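I have placed the structure first, in the form of C-alpha cells, so that the comments after it can refer back to it.
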Amino acid sequence: MKSYLKIENGRGYIAKIETHSFVDGEGVRCSVYVSGCPFQCLNCYNEAAQNFRYGEPFTDDILEEIITYCEPNFISGISILGGEPFCNLDVTLKLVQTFRQHFGQQKSIWVWTGFQYEYLAQNKGKRHQLLEYVDVLVDGMFITQLYRPNLPYKGSLNQRVIDVPLSLKNHHVVEYIHSGPSTFEYV
C-alpha cells in the first residue's frame, strides 16, 4: 500500500487563510490551506504547504476566526486546499463539521485533492466522511505536462471539477464545467 494512503491525520497545521479569495471556487470565498501533502507534485503552486509543519497549529481560536470570516453575506462559502485536505482530517473534518453547524447548506464547501473521487467514494472511513460534507471536489494530482493556463478551478487537464452530492447520489462522477461568470452546466 502506498504510504500516502495511510496518512489521514497530518500534524494539525494550516499554511494560510485567505479571507476574500476570488479564484478558489465560485464567488468570494474564504480559503483555508492545510499543511502537509504526501503527493509532492512537481511544480506544485503551493510547494511550501507540502511540509506537514508549515504555518501555524490549527486551534479552536483559528476555527472561530474562519467561521467569522465566512459570516458576511457576500462570502459564498469555504474552500479547502493544501497541502492535502484528505491527509489532514484532524483539521478538515472539524472545520467542515463546524462550518455546516453554522451555515447549513446556505454556503458551499469546495475541496481540492490529489486523490481521485472514485477512491474517496469507495473509502468507508474518515475520508468518505469528509467527502460527504463537500459540495464541489477538484480531484487528481497536478501533472506539469498536462498544465494549461486558464482552466476553471484546476491546473492540469487530468483534474476534474465534480458535483459531489449528485455523484454520490448517482453512484458515478457528475462533472460540471464553467460556462459563465456564475453558472455551471452539468455534463
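All residue names refer to the C-alpha cells as shown: chains lettered A, B, ... in order, residues numbered from 1 in each chain, ligands numbered from 1 in order.
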
*Those in segment 69-131 of chain A with alpha helix (DSSP H) from DSSP, as a list in words*: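 Reading the DSSP output for segment 69-131 of chain A, alpha helix (DSSP H) covers Tyr69, Cys70, Leu89, Asp90, Val91, Thr92, Leu93, Lys94, Leu95, Val96, Gln97, Thr98, Phe99, Arg100, Gln101, His102, Phe103, Tyr117, Glu118, Tyr119, Leu120, Ala121, Gln122, Lys126, Arg127, His128, Gln129, Leu130 and Leu131 of chain A.
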
Near-Lys94 of chain A list (10 Å; only C-alpha atoms; drop same-chain fewer than 6 positions) as a PDB file with C-alpha atoms, in the first residue's frame:
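Full text of out.pdb as output:
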```pdb
ATOM      1  CA  ASP A  60     -10.196  26.443  18.297  1.00  0.00           C
ATOM      2  CA  LEU A  63     -11.518  27.811  13.783  1.00  0.00           C
ATOM      3  CA  LEU A 130     -15.199  14.354   4.751  1.00  0.00           C
TER       4      LEU A 130
END
```

_Contact residues around Lys154 of chain A with only C-alpha atoms at 8 Å, ignoring same-chain residues under 6 positions, as a VMD selection string_ = chain A and resid 138 160 to 161

*Between A:Thr98, A:Thr113, A:Ser79, A:Asn73, single out the one closest to Phe22 of chain A, counting only C-alpha atoms.*
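Between A:Thr98, A:Thr113, A:Ser79, A:Asn73, the residue approaching Phe22 of chain A most closely is A:Ser79.
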
Please identify every residue of segment 62-175 of chain A that has at least one atom no farther than 6 Å from an atom of segment 27-39 of chain A, counting only C-alpha atoms, and for each give the shortest atom pair and the distance in Å to one decimal, arranged by chain then increasing number, as CSV.
```
residue,atom,partner,partner_atom,distance
A:Ile75,CA,A:Val28,CA,5.1
A:Ser76,CA,A:Arg29,CA,5.5
A:Gly77,CA,A:Arg29,CA,5.2
A:Ile78,CA,A:Cys30,CA,4.9
A:Ser79,CA,A:Ser31,CA,4.6
A:Ile80,CA,A:Val32,CA,5.0
A:Leu81,CA,A:Tyr33,CA,4.7
A:Gly82,CA,A:Tyr33,CA,4.6
A:Gly83,CA,A:Cys37,CA,4.5
A:Glu84,CA,A:Cys37,CA,4.7
```

_Rounded to one decimal, what separation in Å do you get between atom CA of Glu64 of chain A and atom CA of Ile109 of chain A?_
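The value is 16.7 Å.
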
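Pairwise distance (atom CA of Gln159 of chain A, atom CA of Gly10 of chain A) equals 23.4 Å.
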